[in-house]
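**Student:** This one is input-v3.pdb, PDB, C-alpha atoms, pLDDT in the B column.
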```
ATOM      1  CA  MET X   1     122.163 133.283 107.252  1.00 92.00           C
ATOM      2  CA  ALA X   2     120.685 134.444 110.543  1.00 93.00           C
ATOM      3  CA  ASN X   3     122.655 131.893 112.561  1.00 92.00           C
ATOM      4  CA  ALA X   4     125.871 132.701 110.683  1.00 93.00           C
ATOM      5  CA  HIS X   5     125.446 136.424 111.368  1.00 94.00           C
ATOM      6  CA  TYR X   6     123.701 136.566 114.758  1.00 94.00           C
ATOM      7  CA  GLY X   7     124.553 133.214 116.273  1.00 91.00           C
ATOM      8  CA  ASP X   8     122.114 130.628 117.507  1.00 90.00           C
ATOM      9  CA  GLY X   9     119.868 132.773 119.668  1.00 89.00           C
ATOM     10  CA  ALA X  10     116.898 135.083 120.029  1.00 92.00           C
ATOM     11  CA  GLN X  11     118.323 137.788 117.776  1.00 92.00           C
ATOM     12  CA  ALA X  12     118.567 135.325 114.881  1.00 92.00           C
ATOM     13  CA  VAL X  13     114.976 134.203 115.438  1.00 92.00           C
ATOM     14  CA  GLN X  14     113.755 137.803 115.550  1.00 94.00           C
ATOM     15  CA  TRP X  15     115.557 138.620 112.293  1.00 94.00           C
ATOM     16  CA  VAL X  16     114.093 135.564 110.558  1.00 93.00           C
ATOM     17  CA  GLU X  17     110.552 136.360 111.716  1.00 93.00           C
ATOM     18  CA  ALA X  18     110.787 140.007 110.619  1.00 92.00           C
ATOM     19  CA  THR X  19     112.298 138.984 107.278  1.00 93.00           C
ATOM     20  CA  LEU X  20     109.572 136.423 106.607  1.00 88.00           C
ATOM     21  CA  VAL X  21     106.942 139.098 107.230  1.00 87.00           C
ATOM     22  CA  ARG X  22     108.652 141.423 104.741  1.00 90.00           C
ATOM     23  CA  LEU X  23     108.893 138.659 102.145  1.00 86.00           C
ATOM     24  CA  ALA X  24     105.236 137.745 102.650  1.00 81.00           C
ATOM     25  CA  ASP X  25     104.373 141.413 102.008  1.00 82.00           C
ATOM     26  CA  ASP X  26     106.444 141.281  98.792  1.00 83.00           C
ATOM     27  CA  ARG X  27     109.048 143.649 100.198  1.00 89.00           C
ATOM     28  CA  VAL X  28     112.018 141.758  98.766  1.00 90.00           C
ATOM     29  CA  GLY X  29     113.808 145.024  97.977  1.00 92.00           C
ATOM     30  CA  ASP X  30     113.627 146.024 101.642  1.00 94.00           C
ATOM     31  CA  VAL X  31     115.117 142.691 102.689  1.00 94.00           C
ATOM     32  CA  ILE X  32     117.956 142.991 100.165  1.00 95.00           C
ATOM     33  CA  ALA X  33     118.658 146.584 101.247  1.00 96.00           C
ATOM     34  CA  GLY X  34     118.791 145.461 104.882  1.00 96.00           C
ATOM     35  CA  LEU X  35     121.174 142.638 104.000  1.00 97.00           C
ATOM     36  CA  ARG X  36     123.463 145.072 102.169  1.00 97.00           C
ATOM     37  CA  ARG X  37     123.581 147.295 105.292  1.00 96.00           C
ATOM     38  CA  MET X  38     124.641 144.431 107.557  1.00 95.00           C
ATOM     39  CA  GLN X  39     128.174 144.490 108.940  1.00 95.00           C
ATOM     40  CA  PRO X  40     129.228 140.810 109.002  1.00 93.00           C
ATOM     41  CA  THR X  41     131.633 139.892 111.781  1.00 88.00           C
ATOM     42  CA  THR X  42     132.948 136.700 110.183  1.00 94.00           C
ATOM     43  CA  ILE X  43     133.787 135.456 106.712  1.00 95.00           C
ATOM     44  CA  LYS X  44     131.094 132.795 107.110  1.00 95.00           C
ATOM     45  CA  ALA X  45     128.490 135.484 107.844  1.00 95.00           C
ATOM     46  CA  ALA X  46     129.660 137.595 104.875  1.00 96.00           C
ATOM     47  CA  ARG X  47     129.347 134.577 102.574  1.00 96.00           C
ATOM     48  CA  ALA X  48     125.896 133.709 103.923  1.00 96.00           C
ATOM     49  CA  ILE X  49     124.678 137.289 103.444  1.00 96.00           C
ATOM     50  CA  ASP X  50     126.041 137.430  99.884  1.00 97.00           C
ATOM     51  CA  GLU X  51     124.444 134.076  99.039  1.00 96.00           C
ATOM     52  CA  LEU X  52     121.061 135.206 100.360  1.00 95.00           C
ATOM     53  CA  ILE X  53     121.254 138.492  98.446  1.00 96.00           C
ATOM     54  CA  THR X  54     122.065 136.599  95.235  1.00 95.00           C
ATOM     55  CA  TYR X  55     119.251 134.118  95.854  1.00 93.00           C
ATOM     56  CA  LEU X  56     116.667 136.834  96.499  1.00 93.00           C
ATOM     57  CA  GLU X  57     117.785 138.850  93.473  1.00 93.00           C
ATOM     58  CA  ASN X  58     117.577 135.778  91.221  1.00 90.00           C
ATOM     59  CA  GLN X  59     114.220 134.620  92.622  1.00 85.00           C
ATOM     60  CA  HIS X  60     112.542 138.033  92.987  1.00 80.00           C
ATOM     61  CA  GLU X  61     110.001 137.269  90.240  1.00 77.00           C
ATOM     62  CA  ARG X  62     108.964 134.058  92.009  1.00 73.00           C
ATOM     63  CA  LEU X  63     108.356 135.653  95.389  1.00 72.00           C
ATOM     64  CA  GLY X  64     105.029 137.420  94.782  1.00 72.00           C
ATOM     65  CA  TYR X  65     103.428 135.941  97.879  1.00 72.00           C
ATOM     66  CA  ASP X  66     101.031 138.851  98.341  1.00 70.00           C
ATOM     67  CA  GLN X  67      99.636 138.346  94.823  1.00 75.00           C
ATOM     68  CA  CYS X  68      99.262 134.611  95.390  1.00 73.00           C
ATOM     69  CA  LYS X  69      97.425 135.163  98.662  1.00 73.00           C
ATOM     70  CA  ALA X  70      95.135 137.769  97.049  1.00 77.00           C
ATOM     71  CA  GLN X  71      94.216 135.213  94.370  1.00 77.00           C
ATOM     72  CA  GLY X  72      93.625 132.495  96.981  1.00 76.00           C
ATOM     73  CA  MET X  73      96.602 130.477  95.777  1.00 73.00           C
ATOM     74  CA  PRO X  74      98.664 128.448  98.238  1.00 70.00           C
ATOM     75  CA  ILE X  75     102.173 129.711  98.978  1.00 70.00           C
ATOM     76  CA  GLY X  76     103.498 126.609 100.705  1.00 70.00           C
ATOM     77  CA  SER X  77     104.563 123.252  99.376  1.00 70.00           C
ATOM     78  CA  GLY X  78     102.168 121.260 101.568  1.00 76.00           C
ATOM     79  CA  GLY X  79      99.571 120.813  98.830  1.00 74.00           C
ATOM     80  CA  ILE X  80     102.155 119.547  96.361  1.00 72.00           C
ATOM     81  CA  GLU X  81     103.672 117.201  98.917  1.00 78.00           C
ATOM     82  CA  SER X  82     100.231 115.868  99.794  1.00 81.00           C
ATOM     83  CA  ALA X  83      99.343 115.351  96.119  1.00 78.00           C
ATOM     84  CA  ASN X  84     102.657 113.581  95.553  1.00 77.00           C
ATOM     85  CA  LYS X  85     101.941 111.240  98.429  1.00 79.00           C
ATOM     86  CA  PHE X  86      98.354 110.631  97.336  1.00 79.00           C
ATOM     87  CA  ILE X  87      99.032 110.191  93.616  1.00 79.00           C
ATOM     88  CA  GLY X  88     102.448 108.548  93.662  1.00 79.00           C
ATOM     89  CA  HIS X  89     103.211 106.867  96.926  1.00 78.00           C
ATOM     90  CA  VAL X  90      99.824 105.265  97.535  1.00 77.00           C
ATOM     91  CA  ARG X  91     100.025 103.435  94.210  1.00 74.00           C
ATOM     92  CA  LEU X  92     103.731 102.878  93.708  1.00 78.00           C
ATOM     93  CA  LYS X  93     104.890 102.205  97.262  1.00 81.00           C
ATOM     94  CA  ARG X  94     102.361  99.607  98.267  1.00 80.00           C
ATOM     95  CA  SER X  95     103.626  96.757 100.347  1.00 81.00           C
ATOM     96  CA  GLY X  96     105.226  94.219  98.032  1.00 82.00           C
ATOM     97  CA  ALA X  97     105.035  96.466  94.950  1.00 78.00           C
ATOM     98  CA  TRP X  98     108.036  96.858  92.662  1.00 81.00           C
ATOM     99  CA  TRP X  99     108.392  98.635  89.361  1.00 80.00           C
ATOM    100  CA  VAL X 100     110.655  98.848  86.351  1.00 83.00           C
ATOM    101  CA  VAL X 101     111.509 102.572  86.184  1.00 80.00           C
ATOM    102  CA  GLU X 102     109.874 103.098  82.771  1.00 80.00           C
ATOM    103  CA  ASN X 103     106.669 101.400  83.893  1.00 84.00           C
ATOM    104  CA  GLY X 104     106.580 103.324  87.166  1.00 83.00           C
ATOM    105  CA  ASN X 105     107.034 106.636  85.345  1.00 83.00           C
ATOM    106  CA  GLY X 106     104.259 105.682  82.928  1.00 83.00           C
ATOM    107  CA  MET X 107     101.952 104.818  85.822  1.00 83.00           C
ATOM    108  CA  LEU X 108     102.701 108.180  87.448  1.00 85.00           C
ATOM    109  CA  ARG X 109     101.903 110.010  84.193  1.00 84.00           C
ATOM    110  CA  LEU X 110      98.573 108.203  83.964  1.00 86.00           C
ATOM    111  CA  ARG X 111      97.668 108.854  87.595  1.00 85.00           C
ATOM    112  CA  CYS X 112      98.586 112.543  87.295  1.00 85.00           C
ATOM    113  CA  ALA X 113      96.500 112.804  84.116  1.00 88.00           C
ATOM    114  CA  LEU X 114      93.585 111.114  85.847  1.00 88.00           C
ATOM    115  CA  TYR X 115      93.667 113.534  88.790  1.00 85.00           C
ATOM    116  CA  ASN X 116      94.327 116.717  86.816  1.00 84.00           C
ATOM    117  CA  GLY X 117      91.615 116.054  84.234  1.00 88.00           C
ATOM    118  CA  THR X 118      93.818 115.415  81.191  1.00 91.00           C
ATOM    119  CA  PHE X 119      93.523 111.625  81.029  1.00 90.00           C
ATOM    120  CA  GLN X 120      91.589 111.614  77.748  1.00 92.00           C
ATOM    121  CA  GLN X 121      94.217 113.827  76.087  1.00 92.00           C
ATOM    122  CA  VAL X 122      97.040 111.585  77.287  1.00 87.00           C
ATOM    123  CA  PHE X 123      95.182 108.444  76.235  1.00 88.00           C
ATOM    124  CA  ASP X 124      94.365 109.878  72.777  1.00 91.00           C
ATOM    125  CA  LYS X 125      98.025 110.823  72.293  1.00 89.00           C
ATOM    126  CA  TYR X 126      99.066 107.293  73.276  1.00 85.00           C
ATOM    127  CA  ILE X 127      96.606 105.717  70.823  1.00 89.00           C
ATOM    128  CA  LYS X 128      97.769 108.025  68.037  1.00 90.00           C
ATOM    129  CA  SER X 129     101.459 107.254  68.641  1.00 87.00           C
ATOM    130  CA  SER X 130     100.679 103.516  68.836  1.00 85.00           C
ATOM    131  CA  LEU X 131      98.871 103.661  65.486  1.00 85.00           C
ATOM    132  CA  VAL X 132     101.784 105.524  63.893  1.00 80.00           C
ATOM    133  CA  LYS X 133     104.251 102.943  65.233  1.00 78.00           C
ATOM    134  CA  ALA X 134     102.052 100.095  64.026  1.00 76.00           C
ATOM    135  CA  ALA X 135     101.731 101.650  60.561  1.00 76.00           C
ATOM    136  CA  GLY X 136     105.528 101.979  60.371  1.00 73.00           C
ATOM    137  CA  THR X 137     105.976  98.327  61.335  1.00 68.00           C
ATOM    138  CA  ILE X 138     103.543  97.108  58.645  1.00 63.00           C
ATOM    139  CA  ARG X 139     105.410  98.852  55.814  1.00 56.00           C
TER     140      ARG X 139
END
```
Any chance you could put this one into structure tokens?
**Tutor:**
Amino acid sequence: MANAHYGDGAQAVQWVEATLVRLADDRVGDVIAGLRRMQPTTIKAARAIDELITYLENQHERLGYDQCKAQGMPIGSGGIESANKFIGHVRLKRSGAWWVVENGNGMLRLRCALYNGTFQQVFDKYIKSSLVKAAGTIR
């Protein structure tokens, strides 16, 4: 949006930095009000501003960065990306490894359960469903 409105220069960078600070302080309303006051000079800029306003209005409830920081919760995706790499890629993307999709998804479920502490629950559910299937086959 900044590049569409301000061009590819210092003014765009300044706007982005100031806006990120406002969003981090949970001042989404201030950002939206500022966007509404903008006077776009091109149709592309007007569209970009409208799209950003719509996005911020629709995601307002998800943008409580100040609350997350106060609770010590991460606000970036780095931890998730790292966990994905550690849990999924290390096991499933080994050199020479290949998987049938269903088996790969099952392996990911087991590895996630192992690392998030729910392995026993998942395993018990599997045993229970296996026993039910076996009982149905015997009849």
**Student:** One decimal, in Å: what's the spacing between CA of Asp30 in chain X and CA of Arg62 in chain X?
**Tutor:** 16.1 Å
**Student:** Spell out the residues picked by the PyMOL selection byres ((chain X and resi 36) around 12) here, as a list in words.
**Tutor:**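 Listing what the PyMOL selection byres ((chain X and resi 36) around 12) selects in the shown file: Gly29, Asp30, Val31, Ile32, Ala33, Gly34, Leu35, Arg37, Met38, Gln39, Pro40, Ala46, Ala48, Ile49, Asp50, Glu51, Leu52, Ile53 and Thr54 of chain X.
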**Student:** So how far away is CA of Tyr65 in chain X from CA of Asp26 in chain X, in Å?
**Tutor:**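 Taking CA of Asp26 in chain X as the start and CA of Tyr65 in chain X as the end point, the length is 6.2 Å.
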**Student:** Rounded to one decimal, what separation in Å do you get between CA of Ala18 in chain X and CA of Met1 in chain X?
**Tutor:** 13.6 Å
**Student:** Do you know which residues are at most 10 Å from range 69-81 of chain X counting all atoms listed in the file, after dropping those on the same chain fewer than 6 positions away, and could you put them as a list of chain:residue names?
**Tutor:** X:Ala24, X:Asp25, X:Leu63, X:Ile87
**Student:** For those residues, write C-alpha atoms to a file as a compact mmCIF listing (two decimals), in the coordinates of the input.
**Tutor:**
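Contents of the output file result25.txt:
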```txt
# COMPACT_ATOMS: atom_id res chain seq x y z
CA ALA X 24 105.24 137.74 102.65
CA ASP X 25 104.37 141.41 102.01
CA LEU X 63 108.36 135.65 95.39
CA ILE X 87 99.03 110.19 93.62
```
**Student:** Restricting the calculation to only C-alpha atoms, which member of X:Val122, X:Ala83, X:Ala134, X:Ala2 is positioned closest to Val16 in chain X?
**Tutor:**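 Checking each of X:Val122, X:Ala83, X:Ala134, X:Ala2 against Val16 in chain X, counting only C-alpha atoms, the winner is X:Ala2.
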**Student:** Can you fill out range 123-134 of chain X with N, CA and C atoms and hand it back as a PDB file, in the coordinates of the input?
**Tutor:**
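Once everything was written out, this is selection.pdb:
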```pdb
ATOM      1  N   PHE X 123      95.553 109.724  76.841  1.00 88.00           N
ATOM      2  CA  PHE X 123      95.182 108.444  76.235  1.00 88.00           C
ATOM      3  C   PHE X 123      95.085 108.574  74.721  1.00 88.00           C
ATOM      4  N   ASP X 124      94.470 109.658  74.230  1.00 91.00           N
ATOM      5  CA  ASP X 124      94.365 109.878  72.777  1.00 91.00           C
ATOM      6  C   ASP X 124      95.751 109.995  72.140  1.00 91.00           C
ATOM      7  N   LYS X 125      96.660 110.678  72.812  1.00 89.00           N
ATOM      8  CA  LYS X 125      98.025 110.823  72.293  1.00 89.00           C
ATOM      9  C   LYS X 125      98.714 109.458  72.236  1.00 89.00           C
ATOM     10  N   TYR X 126      98.488 108.636  73.246  1.00 85.00           N
ATOM     11  CA  TYR X 126      99.066 107.293  73.276  1.00 85.00           C
ATOM     12  C   TYR X 126      98.528 106.450  72.125  1.00 85.00           C
ATOM     13  N   ILE X 127      97.227 106.491  71.915  1.00 89.00           N
ATOM     14  CA  ILE X 127      96.606 105.717  70.823  1.00 89.00           C
ATOM     15  C   ILE X 127      97.172 106.178  69.483  1.00 89.00           C
ATOM     16  N   LYS X 128      97.262 107.484  69.295  1.00 90.00           N
ATOM     17  CA  LYS X 128      97.769 108.025  68.037  1.00 90.00           C
ATOM     18  C   LYS X 128      99.209 107.574  67.785  1.00 90.00           C
ATOM     19  N   SER X 129     100.062 107.672  68.817  1.00 87.00           N
ATOM     20  CA  SER X 129     101.459 107.254  68.641  1.00 87.00           C
ATOM     21  C   SER X 129     101.553 105.749  68.417  1.00 87.00           C
ATOM     22  N   SER X 130     100.681 104.966  69.040  1.00 85.00           N
ATOM     23  CA  SER X 130     100.679 103.516  68.836  1.00 85.00           C
ATOM     24  C   SER X 130     100.284 103.173  67.413  1.00 85.00           C
ATOM     25  N   LEU X 131      99.300 103.906  66.864  1.00 85.00           N
ATOM     26  CA  LEU X 131      98.871 103.661  65.486  1.00 85.00           C
ATOM     27  C   LEU X 131      99.975 104.026  64.503  1.00 85.00           C
ATOM     28  N   VAL X 132     100.689 105.112  64.767  1.00 80.00           N
ATOM     29  CA  VAL X 132     101.784 105.524  63.893  1.00 80.00           C
ATOM     30  C   VAL X 132     102.895 104.482  63.912  1.00 80.00           C
ATOM     31  N   LYS X 133     103.227 103.990  65.128  1.00 78.00           N
ATOM     32  CA  LYS X 133     104.251 102.943  65.233  1.00 78.00           C
ATOM     33  C   LYS X 133     103.821 101.670  64.517  1.00 78.00           C
ATOM     34  N   ALA X 134     102.554 101.300  64.685  1.00 76.00           N
ATOM     35  CA  ALA X 134     102.052 100.095  64.026  1.00 76.00           C
ATOM     36  C   ALA X 134     102.080 100.243  62.517  1.00 76.00           C
TER      37      ALA X 134
END
```
